[in-house]
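protein-v2.txt follows (compact mmCIF, C-alpha atoms and all ligand atoms):
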# COMPACT_ATOMS: atom_id res chain seq x y z
CA MET R 1 0.00 0.00 0.00
CA THR R 2 1.31 3.43 -0.87
CA GLU R 3 -1.07 5.71 1.02
CA THR R 4 -1.42 5.90 4.78
CA PRO R 5 -4.40 3.68 5.66
CA ASP R 6 -7.48 5.55 6.84
CA LEU R 7 -10.43 4.41 8.98
CA PHE R 8 -12.84 5.63 6.30
CA GLY R 9 -10.92 4.24 3.33
CA ALA R 10 -11.43 0.95 1.50
CA VAL R 11 -9.62 -2.22 2.54
CA LYS R 12 -9.33 -5.73 1.14
CA LEU R 13 -10.44 -8.59 3.37
CA GLY R 14 -10.25 -12.01 1.76
CA ALA R 15 -11.88 -11.68 -1.65
CA LEU R 16 -13.96 -8.69 -0.51
CA THR R 17 -13.23 -5.00 -0.82
CA LEU R 18 -14.80 -3.28 2.17
CA PRO R 19 -15.74 0.43 1.89
CA ASN R 20 -14.18 1.26 5.27
CA ARG R 21 -12.21 -0.31 8.13
CA ILE R 22 -15.01 -0.19 10.68
CA VAL R 23 -16.32 -3.56 11.85
CA MET R 24 -19.49 -4.21 13.81
CA ALA R 25 -18.30 -6.52 16.59
CA PRO R 26 -20.19 -9.77 17.23
CA MET R 27 -22.91 -9.28 19.84
CA THR R 28 -25.37 -11.77 21.26
CA ARG R 29 -28.81 -10.17 21.52
CA SER R 30 -30.96 -13.25 22.32
CA ARG R 31 -33.79 -12.31 20.00
CA ALA R 32 -34.04 -15.53 17.98
CA PRO R 33 -36.83 -17.61 19.56
CA GLY R 34 -36.51 -21.20 18.37
CA ASN R 35 -32.88 -20.39 17.46
CA VAL R 36 -34.03 -19.25 13.99
CA PRO R 37 -33.00 -15.82 12.59
CA ASN R 38 -36.03 -13.63 11.87
CA ALA R 39 -37.25 -10.45 10.20
CA LEU R 40 -36.52 -8.25 13.24
CA MET R 41 -32.89 -9.39 13.14
CA ALA R 42 -32.79 -8.62 9.41
CA GLU R 43 -33.95 -5.08 10.15
CA TYR R 44 -31.33 -4.67 12.91
CA TYR R 45 -28.43 -5.81 10.73
CA THR R 46 -29.66 -3.89 7.68
CA GLN R 47 -29.74 -0.68 9.73
CA ARG R 48 -26.01 -1.24 10.40
CA ALA R 49 -25.01 -2.21 6.84
CA SER R 50 -22.73 0.81 6.34
CA ALA R 51 -20.14 -0.93 8.53
CA GLY R 52 -17.25 -2.19 6.41
CA LEU R 53 -18.01 -5.63 7.84
CA ILE R 54 -20.73 -6.92 10.17
CA VAL R 55 -19.82 -9.89 12.33
CA THR R 56 -23.07 -11.40 13.56
CA GLU R 57 -23.94 -12.37 17.08
CA GLY R 58 -22.60 -15.71 18.28
CA THR R 59 -24.35 -18.44 16.25
CA ALA R 60 -24.34 -22.09 17.29
CA PRO R 61 -22.73 -24.59 14.90
CA ALA R 62 -24.38 -27.48 16.76
CA ALA R 63 -27.51 -27.99 18.87
CA ASN R 64 -25.53 -28.65 22.06
CA GLY R 65 -23.64 -25.35 21.69
CA ARG R 66 -26.49 -22.89 22.25
CA GLY R 67 -26.09 -22.30 25.98
CA TYR R 68 -27.89 -18.96 26.27
CA SER R 69 -31.58 -18.44 25.55
CA ASP R 70 -32.77 -17.59 22.04
CA ILE R 71 -29.45 -17.42 20.22
CA PRO R 72 -29.48 -18.32 16.52
CA GLY R 73 -27.90 -21.39 14.97
CA LEU R 74 -26.56 -22.55 11.61
CA TYR R 75 -27.22 -26.26 11.82
CA ASN R 76 -30.68 -26.68 10.25
CA GLU R 77 -32.59 -25.66 7.15
CA ALA R 78 -34.88 -23.11 8.85
CA GLN R 79 -31.80 -21.31 10.20
CA VAL R 80 -30.19 -21.25 6.75
CA GLU R 81 -33.38 -19.71 5.34
CA GLY R 82 -33.45 -17.11 8.14
CA TRP R 83 -29.84 -16.12 7.49
CA ARG R 84 -30.50 -16.02 3.74
CA ALA R 85 -33.01 -13.21 4.22
CA ILE R 86 -30.54 -11.32 6.41
CA ALA R 87 -27.66 -11.75 3.94
CA GLN R 88 -29.84 -10.54 1.07
CA ALA R 89 -31.05 -7.49 2.97
CA VAL R 90 -27.54 -6.50 4.11
CA HIS R 91 -26.09 -7.01 0.62
CA ALA R 92 -28.89 -4.94 -0.90
CA LYS R 93 -27.58 -2.05 1.23
CA GLY R 94 -24.00 -2.63 0.07
CA GLY R 95 -22.90 -4.31 3.31
CA HIS R 96 -20.83 -7.41 4.06
CA ILE R 97 -21.59 -9.96 6.77
CA PHE R 98 -19.77 -12.87 8.41
CA ALA R 99 -21.53 -15.21 10.86
CA GLN R 100 -19.75 -15.74 14.15
CA LEU R 101 -19.68 -19.47 14.93
CA MET R 102 -19.96 -19.75 18.70
CA HIS R 103 -20.15 -23.10 20.48
CA VAL R 104 -20.51 -22.25 24.15
CA GLY R 105 -19.26 -25.62 25.48
CA ARG R 106 -19.51 -25.58 29.29
CA ILE R 107 -21.07 -22.08 29.44
CA ALA R 108 -24.56 -23.55 29.09
CA VAL R 109 -27.61 -24.76 30.93
CA PRO R 110 -29.59 -27.67 29.45
CA GLU R 111 -32.90 -25.76 29.42
CA HIS R 112 -31.50 -23.35 26.79
CA GLN R 113 -30.65 -26.23 24.47
CA ASP R 114 -33.71 -28.48 24.61
CA GLY R 115 -32.29 -30.44 27.51
CA LEU R 116 -29.01 -31.28 25.77
CA GLU R 117 -26.17 -31.80 28.17
CA PRO R 118 -23.38 -29.20 28.10
CA VAL R 119 -20.07 -30.57 26.83
CA GLY R 120 -16.46 -29.47 27.22
CA PRO R 121 -12.89 -30.67 26.91
CA SER R 122 -12.99 -31.96 30.52
CA ALA R 123 -15.67 -32.49 33.14
CA ILE R 124 -14.84 -29.25 34.95
CA ALA R 125 -17.54 -26.67 35.62
CA ALA R 126 -16.88 -22.98 35.06
CA LYS R 127 -17.34 -20.96 38.20
CA GLY R 128 -20.25 -18.71 37.41
CA GLN R 129 -23.95 -18.47 36.88
CA MET R 130 -26.32 -18.07 33.99
CA TYR R 131 -29.51 -16.05 33.77
CA THR R 132 -32.52 -18.28 33.08
CA ALA R 133 -36.29 -17.84 33.18
CA GLY R 134 -36.16 -19.55 36.57
CA GLY R 135 -33.53 -17.17 37.97
CA MET R 136 -29.72 -17.33 38.16
CA LYS R 137 -28.35 -20.88 37.97
CA ASP R 138 -24.88 -22.23 38.69
CA LEU R 139 -23.14 -23.45 35.54
CA PRO R 140 -23.24 -27.26 35.56
CA THR R 141 -20.34 -29.67 35.16
CA PRO R 142 -20.07 -30.49 31.45
CA ARG R 143 -19.51 -33.96 30.05
CA ALA R 144 -16.05 -34.42 28.55
CA LEU R 145 -16.18 -34.95 24.80
CA THR R 146 -14.82 -38.27 23.54
CA GLU R 147 -12.22 -38.17 20.78
CA ALA R 148 -14.86 -39.40 18.32
CA GLU R 149 -17.16 -36.55 19.41
CA ILE R 150 -14.33 -34.05 18.93
CA GLU R 151 -14.00 -35.25 15.33
CA GLN R 152 -17.78 -34.85 14.89
CA MET R 153 -17.61 -31.37 16.41
CA ILE R 154 -14.94 -30.37 13.90
CA GLU R 155 -17.26 -31.54 11.12
CA SER R 156 -20.11 -29.52 12.68
CA TYR R 157 -18.04 -26.35 12.29
CA ALA R 158 -17.27 -27.27 8.66
CA GLN R 159 -20.96 -27.92 7.97
CA ALA R 160 -22.01 -24.67 9.67
CA ALA R 161 -19.49 -22.84 7.45
CA ARG R 162 -20.99 -24.51 4.37
CA ASN R 163 -24.45 -23.55 5.61
CA ALA R 164 -23.34 -19.93 6.07
CA VAL R 165 -22.15 -19.72 2.48
CA ALA R 166 -25.26 -21.55 1.25
CA ALA R 167 -27.29 -18.85 3.02
CA GLY R 168 -25.38 -16.17 1.10
CA LEU R 169 -23.32 -14.91 4.04
CA ASP R 170 -19.83 -13.72 3.11
CA GLY R 171 -17.97 -15.97 5.54
CA VAL R 172 -17.62 -17.10 9.14
CA GLU R 173 -15.70 -15.99 12.19
CA ILE R 174 -14.57 -18.81 14.46
CA HIS R 175 -15.21 -17.62 18.03
CA GLY R 176 -12.00 -18.63 19.78
CA ALA R 177 -12.32 -15.85 22.38
CA ASN R 178 -14.05 -15.38 25.75
CA GLY R 179 -13.81 -18.90 27.13
CA TYR R 180 -16.30 -20.73 24.90
CA LEU R 181 -15.58 -24.21 23.55
CA PRO R 182 -12.36 -23.45 21.59
CA GLY R 183 -11.21 -21.15 24.42
CA GLN R 184 -11.93 -23.96 26.89
CA PHE R 185 -9.63 -26.27 24.92
CA LEU R 186 -6.93 -23.58 25.01
CA ALA R 187 -7.09 -23.08 28.78
CA PRO R 188 -5.24 -25.43 31.13
CA ASN R 189 -7.82 -24.93 33.91
CA ALA R 190 -10.69 -26.07 31.64
CA ASN R 191 -8.77 -28.66 29.61
CA GLN R 192 -7.06 -31.40 31.57
CA ARG R 193 -7.12 -34.02 28.83
CA THR R 194 -4.25 -36.45 28.53
CA ASP R 195 -4.79 -37.28 24.82
CA LYS R 196 -3.57 -35.22 21.85
CA TRP R 197 -6.22 -32.54 22.61
CA GLY R 198 -4.75 -31.51 25.98
CA GLY R 199 -1.50 -30.96 27.83
CA SER R 200 1.10 -28.92 25.92
CA GLY R 201 0.28 -25.56 24.31
CA GLU R 202 0.44 -27.28 20.91
CA ASN R 203 -2.10 -29.88 22.03
CA ARG R 204 -4.46 -27.34 23.58
CA ALA R 205 -4.31 -25.27 20.36
CA ARG R 206 -5.18 -28.32 18.23
CA PHE R 207 -8.99 -27.99 18.47
CA LEU R 208 -9.09 -24.30 17.48
CA LEU R 209 -6.69 -24.94 14.60
CA ALA R 210 -8.63 -28.05 13.49
CA ILE R 211 -12.02 -26.29 13.35
CA THR R 212 -10.45 -23.34 11.53
CA GLU R 213 -8.79 -25.62 9.00
CA ALA R 214 -11.98 -27.65 8.52
CA ALA R 215 -14.01 -24.48 7.90
CA ALA R 216 -11.33 -23.16 5.54
CA LYS R 217 -11.33 -26.42 3.60
CA ALA R 218 -15.13 -26.30 3.41
CA ILE R 219 -15.60 -22.73 2.14
CA GLY R 220 -12.13 -21.33 1.36
CA ALA R 221 -9.66 -19.81 3.80
CA GLU R 222 -10.41 -16.29 2.53
CA ARG R 223 -13.92 -16.62 3.99
CA VAL R 224 -12.78 -17.66 7.47
CA GLY R 225 -11.70 -15.30 10.26
CA VAL R 226 -10.77 -16.15 13.85
CA ARG R 227 -11.45 -14.23 17.08
CA LEU R 228 -9.07 -14.56 20.04
CA SER R 229 -8.84 -12.99 23.52
CA PRO R 230 -5.38 -13.90 24.83
CA GLY R 231 -5.03 -13.40 28.55
CA ASN R 232 -8.70 -12.59 29.07
CA PRO R 233 -10.13 -14.39 32.16
CA PHE R 234 -13.79 -14.06 31.08
CA ASN R 235 -15.88 -17.22 31.70
CA ASP R 236 -13.48 -18.57 34.33
CA ILE R 237 -10.43 -18.91 32.10
CA ASN R 238 -7.11 -19.07 33.92
CA ASP R 239 -3.99 -19.39 31.80
CA PRO R 240 -0.68 -18.91 33.64
CA ASP R 241 1.32 -19.08 30.37
CA VAL R 242 -0.42 -16.99 27.73
CA GLU R 243 2.69 -16.93 25.56
CA GLY R 244 3.02 -20.73 25.64
CA THR R 245 -0.64 -21.07 24.65
CA TYR R 246 -0.89 -18.40 21.97
CA THR R 247 2.44 -18.79 20.20
CA PRO R 248 1.34 -22.12 18.62
CA VAL R 249 -2.09 -20.60 17.92
CA ILE R 250 -0.61 -17.71 15.95
CA GLN R 251 1.89 -19.98 14.21
CA GLY R 252 -0.89 -22.40 13.26
CA LEU R 253 -3.09 -19.62 11.84
CA SER R 254 -0.25 -17.97 9.91
CA GLY R 255 0.34 -18.14 6.17
CA LYS R 256 -2.95 -19.96 5.49
CA GLY R 257 -4.69 -17.15 3.61
CA LEU R 258 -7.36 -16.72 6.30
CA ALA R 259 -9.64 -13.67 6.03
CA TYR R 260 -8.44 -12.10 9.29
CA VAL R 261 -7.53 -12.53 12.91
CA HIS R 262 -9.58 -10.49 15.39
CA PHE R 263 -8.16 -9.63 18.82
CA LEU R 264 -10.46 -8.78 21.68
CA ASP R 265 -8.82 -6.85 24.47
CA ALA R 266 -5.41 -8.47 24.14
CA LYS R 267 -3.34 -7.21 27.06
CA PRO R 268 -1.24 -10.25 27.90
CA ALA R 269 2.27 -10.18 29.17
CA PHE R 270 3.68 -10.72 25.71
CA ASP R 271 3.01 -8.88 22.46
CA VAL R 272 0.66 -11.31 20.75
CA ILE R 273 -0.54 -8.67 18.29
CA GLY R 274 3.05 -7.97 17.28
CA LEU R 275 3.60 -11.71 16.82
CA ALA R 276 0.53 -11.91 14.59
CA ARG R 277 1.69 -8.86 12.64
CA LYS R 278 5.00 -10.56 11.98
CA HIS R 279 3.69 -13.98 10.96
CA PHE R 280 -0.06 -14.04 10.23
CA GLY R 281 0.13 -12.42 6.80
CA GLY R 282 -3.46 -11.10 6.61
CA PRO R 283 -5.62 -8.35 8.06
CA ILE R 284 -5.76 -7.84 11.83
CA ILE R 285 -8.92 -6.55 13.51
CA LEU R 286 -8.57 -4.91 16.92
CA ASN R 287 -11.35 -4.45 19.45
CA ALA R 288 -12.47 -3.22 22.79
CA GLY R 289 -12.95 0.27 24.08
CA TYR R 290 -12.11 2.09 20.84
CA ASP R 291 -13.06 5.65 20.01
CA LYS R 292 -12.32 7.41 16.74
CA ALA R 293 -8.96 8.88 17.76
CA ARG R 294 -7.56 5.61 19.04
CA ALA R 295 -8.93 3.75 16.02
CA GLN R 296 -7.25 6.13 13.62
CA ALA R 297 -3.98 6.02 15.57
CA ASP R 298 -3.83 2.20 15.62
CA ILE R 299 -4.60 2.00 11.91
CA ALA R 300 -2.14 4.72 10.95
CA SER R 301 0.63 3.06 12.99
CA GLY R 302 -0.09 -0.31 11.38
CA ARG R 303 -0.85 -2.01 14.70
CA GLY R 304 -4.17 -3.13 13.21
CA ASP R 305 -5.96 -2.97 9.86
CA LEU R 306 -9.58 -2.71 10.97
CA ILE R 307 -11.27 -1.72 14.22
CA ALA R 308 -14.32 -3.45 15.67
CA PHE R 309 -16.87 -1.47 17.68
CA GLY R 310 -19.26 -3.31 20.00
CA SER R 311 -21.59 -1.49 22.35
CA SER R 312 -21.50 1.76 20.37
CA TYR R 313 -22.98 -0.19 17.43
CA ILE R 314 -25.95 -1.20 19.57
CA SER R 315 -27.09 2.40 19.95
CA ASN R 316 -25.67 4.01 16.78
CA PRO R 317 -26.84 2.20 13.64
CA ASP R 318 -25.09 4.86 11.53
CA LEU R 319 -21.84 4.68 13.50
CA VAL R 320 -19.67 5.15 10.39
CA GLU R 321 -21.40 8.43 9.53
CA ARG R 322 -21.29 9.66 13.13
CA LEU R 323 -17.59 8.94 13.47
CA LYS R 324 -16.93 10.62 10.14
CA GLN R 325 -18.81 13.76 11.20
CA ASP R 326 -17.60 13.70 14.81
CA ALA R 327 -21.29 13.64 15.77
CA PRO R 328 -22.21 12.68 19.32
CA LEU R 329 -22.76 8.99 20.01
CA ALA R 330 -25.93 7.73 21.70
CA ALA R 331 -25.39 5.61 24.83
CA PRO R 332 -26.71 2.04 24.78
CA ASP R 333 -29.31 0.88 27.30
CA GLN R 334 -27.92 -2.22 29.02
CA ALA R 335 -31.38 -3.29 30.21
CA THR R 336 -32.28 -4.21 26.61
CA PHE R 337 -29.01 -5.89 25.56
CA TYR R 338 -30.41 -9.42 25.79
CA GLY R 339 -33.86 -10.63 24.82
CA GLY R 340 -37.07 -8.74 24.16
CA GLY R 341 -38.16 -7.19 20.87
CA ALA R 342 -37.62 -3.97 18.94
CA LYS R 343 -37.10 -1.80 22.04
CA GLY R 344 -33.39 -1.15 22.49
CA TYR R 345 -32.72 -3.11 19.29
CA THR R 346 -34.09 -1.54 16.12
CA ASP R 347 -35.42 1.72 17.59
CA TYR R 348 -32.14 3.65 17.96
CA PRO R 349 -32.42 6.52 15.48
CA LYS R 350 -29.93 7.56 12.82
CA LEU R 351 -28.75 11.16 12.68
CA ALA R 352 -31.36 13.50 11.29
CA ALA R 353 -30.82 13.92 7.54
C1 LIG W 401 -24.54 -7.21 24.44
C2 LIG W 401 -23.20 -7.78 24.07
C3 LIG W 401 -23.14 -9.07 23.53
C4 LIG W 401 -21.91 -9.61 23.14
N1 LIG W 401 -21.88 -10.84 22.52
C5 LIG W 401 -20.72 -11.29 21.97
C6 LIG W 401 -20.70 -12.46 21.15
O1 LIG W 401 -21.74 -13.10 20.87
N2 LIG W 401 -19.51 -12.85 20.64
C7 LIG W 401 -18.34 -12.16 20.90
O2 LIG W 401 -17.29 -12.56 20.40
N3 LIG W 401 -18.34 -11.04 21.66
C8 LIG W 401 -19.49 -10.59 22.17
N4 LIG W 401 -19.50 -9.39 22.87
C9 LIG W 401 -18.26 -8.61 22.99
C10 LIG W 401 -18.18 -7.56 21.88
O3 LIG W 401 -17.98 -8.17 20.61
C11 LIG W 401 -17.00 -6.60 22.12
O4 LIG W 401 -15.82 -7.36 22.20
C12 LIG W 401 -17.17 -5.79 23.39
O5 LIG W 401 -18.43 -5.13 23.41
C13 LIG W 401 -16.05 -4.74 23.53
O6 LIG W 401 -16.10 -3.82 22.46
P1 LIG W 401 -16.58 -2.30 22.73
O7 LIG W 401 -15.66 -1.76 23.77
O8 LIG W 401 -16.48 -1.60 21.42
O9 LIG W 401 -18.00 -2.41 23.25
C14 LIG W 401 -20.71 -8.86 23.30
C15 LIG W 401 -20.79 -7.58 23.88
C16 LIG W 401 -22.01 -7.03 24.24
C17 LIG W 401 -22.06 -5.62 24.78
Would you mind writing the file out in structure tokens?
Ligand SMILES: Cc1cc2nc3c(=O)[nH]c(=O)nc-3n(C[C@H](O)[C@H](O)[C@H](O)COP(=O)(O)O)c2cc1C
Amino acid sequence: MTETPDLFGAVKLGALTLPNRIVMAPMTRSRAPGNVPNALMAEYYTQRASAGLIVTEGTAPAANGRGYSDIPGLYNEAQVEGWRAIAQAVHAKGGHIFAQLMHVGRIAVPEHQDGLEPVGPSAIAAKGQMYTAGGMKDLPTPRALTEAEIEQMIESYAQAARNAVAAGLDGVEIHGANGYLPGQFLAPNANQRTDKWGGSGENRARFLLAITEAAAKAIGAERVGVRLSPGNPFNDINDPDVEGTYTPVIQGLSGKGLAYVHFLDAKPAFDVIGLARKHFGGPIILNAGYDKARAQADIASGRGDLIAFGSSYISNPDLVERLKQDAPLAAPDQATFYGGGAKGYTDYPKLAA
């Protein structure tokens, strides 16, 4: 590139050319009763289609990976049809959209997944609770996946990726962040397996790398991104050696032609973003707590290539325009983050024309 990159300038991501470097971060909104994407969700995403890239809310690649109430999936025909309508509507507005594949693993209660038992790398419960219709519940001890089930799970990710493309979505983001199933495999306190899926950093990275490779083989590496949160303790993750865990992750993701790697709040003791910059070979998305000035600075310095905005996208459907004009940003209402209908979802206004 000859010009200094700019937040509001075009950027290549996989086979796509995005109109700007602003990404809508993946956000669970729990508004998909029956786990099927619907017309209200289509309206919500379409309102935000001026983002360079939308990454959808966490979307289950398998029925036992739903965990929270009313999150969408990508494992049956009705879900594919629901996403098809969303992809069409976003594309009609000139937008681009990747589905985030989120298998929650042990962060689940059976009543949110039709009674299906939560699974994880090991039978170790996360310390924490989940909100349910019957009040807060302790997270249960998951059943440890067998090796045969791990192979099936890898195929579920590949099939969900195929389903995403069949629905007309532009690609998938593998959710390796925040202590969900791939993050549970990465973490020594959640993964105490003694087979090839646990133990050394290389072994703990194997599941994340296998699902990424399977998805890339299924739909093309340029349609597959990966989200990571090195050093982040969210969902009872405790990793005393972040460098030992994430060095094989970055090495394994590098040079494969993947669409991007997306870092959430990476503040570990070692410079994982610098390591990715050196080896990964594709676009890097940075997230958490960004405003316009910091976004522009990190893009201009080459630390990242795109910036993802989360909560500000909830309350500012025209975030790109507002940032461009230095217009004030509306504050999101946390009471309506999860569940409910249009209130706090599709009723945040754009700037007056
Ligand atoms: C309501 C809500 C739901 C979220 N759901 C997800 C999710 O499904 N997947 C994910 O990777 N991150 C999720 N996040 C994290 C956001 O993607 C993002 O990392 C976070 O909001 C920090 O970015 P920000 O400082 O711009 O808000 C969620 C955040 C919020 C506020």
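For segment 109-115 of chain R, the list of residues within 7 Å, based on all atoms listed in the file and with local chain neighbours fewer than 3 positions off taken out, reads R:Ala63, R:Asn64, R:Arg66, R:Gly67, R:Tyr68, R:Ser69, R:Pro118, R:Leu139, R:Pro140.
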Selection within 7 Å of ligand LIG 401 (chain W) by only C-alpha atoms and all ligand atoms, output as a ChimeraX atom specification: /R:25-29,57-58,175,177-178,227,264,287-290,308-312,337-338
Could you tell me how far atom CA of Leu18 of chain R sits from atom CA of Ala85 of chain R, in Å to one decimal place?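 Those two atoms sit 20.8 Å apart.
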Taking 3 positions as the minimum chain separation for residues in the same chain, which residues sit within 12 Å of Gly231 of chain R when counting all atoms listed in the file? Answer as an mmCIF file with C-alpha atoms, keeping the file's coordinate frame.
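The resulting file, around-v6.cif, is reproduced below:
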data_model
loop_
_atom_site.group_PDB
_atom_site.id
_atom_site.type_symbol
_atom_site.label_atom_id
_atom_site.label_comp_id
_atom_site.auth_asym_id
_atom_site.auth_seq_id
_atom_site.Cartn_x
_atom_site.Cartn_y
_atom_site.Cartn_z
ATOM 1 C CA ALA R 177 -12.320 -15.850 22.380
ATOM 2 C CA ASN R 178 -14.050 -15.380 25.750
ATOM 3 C CA GLY R 179 -13.810 -18.900 27.130
ATOM 4 C CA GLY R 183 -11.210 -21.150 24.420
ATOM 5 C CA LEU R 186 -6.930 -23.580 25.010
ATOM 6 C CA ALA R 187 -7.090 -23.080 28.780
ATOM 7 C CA LEU R 228 -9.070 -14.560 20.040
ATOM 8 C CA PHE R 234 -13.790 -14.060 31.080
ATOM 9 C CA ASN R 235 -15.880 -17.220 31.700
ATOM 10 C CA ASP R 236 -13.480 -18.570 34.330
ATOM 11 C CA ILE R 237 -10.430 -18.910 32.100
ATOM 12 C CA ASN R 238 -7.110 -19.070 33.920
ATOM 13 C CA ASP R 239 -3.990 -19.390 31.800
ATOM 14 C CA PRO R 240 -0.680 -18.910 33.640
ATOM 15 C CA ASP R 241 1.320 -19.080 30.370
ATOM 16 C CA VAL R 242 -0.420 -16.990 27.730
ATOM 17 C CA GLU R 243 2.690 -16.930 25.560
ATOM 18 C CA GLY R 244 3.020 -20.730 25.640
ATOM 19 C CA THR R 245 -0.640 -21.070 24.650
ATOM 20 C CA TYR R 246 -0.890 -18.400 21.970
ATOM 21 C CA PHE R 263 -8.160 -9.630 18.820
ATOM 22 C CA LEU R 264 -10.460 -8.780 21.680
ATOM 23 C CA ASP R 265 -8.820 -6.850 24.470
ATOM 24 C CA ALA R 266 -5.410 -8.470 24.140
ATOM 25 C CA LYS R 267 -3.340 -7.210 27.060
ATOM 26 C CA PRO R 268 -1.240 -10.250 27.900
ATOM 27 C CA ALA R 269 2.270 -10.180 29.170
ATOM 28 C CA PHE R 270 3.680 -10.720 25.710
ATOM 29 C CA ASP R 271 3.010 -8.880 22.460
ATOM 30 C CA VAL R 272 0.660 -11.310 20.750
#
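Atom to atom, atom CA of Gly257 of chain R and atom CA of Glu222 of chain R stand 5.9 Å apart.
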Find the residue from R:His262, R:Lys343, R:Arg277, R:Lys324 that sits nearest to Gln296 of chain R; use all atoms listed in the file when measuring. R:Lys324
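Among the candidate residues R:Gly304, R:Gly128, R:Gly120, R:Pro349, the one lying nearest to Arg21 of chain R is R:Gly304, with distances computed using all atoms listed in the file.
The closest residue to Ala126 of chain R, picked from R:Gln159, R:Asn20, R:Asn191, R:Asn203 and counting only C-alpha atoms, is R:Asn191.
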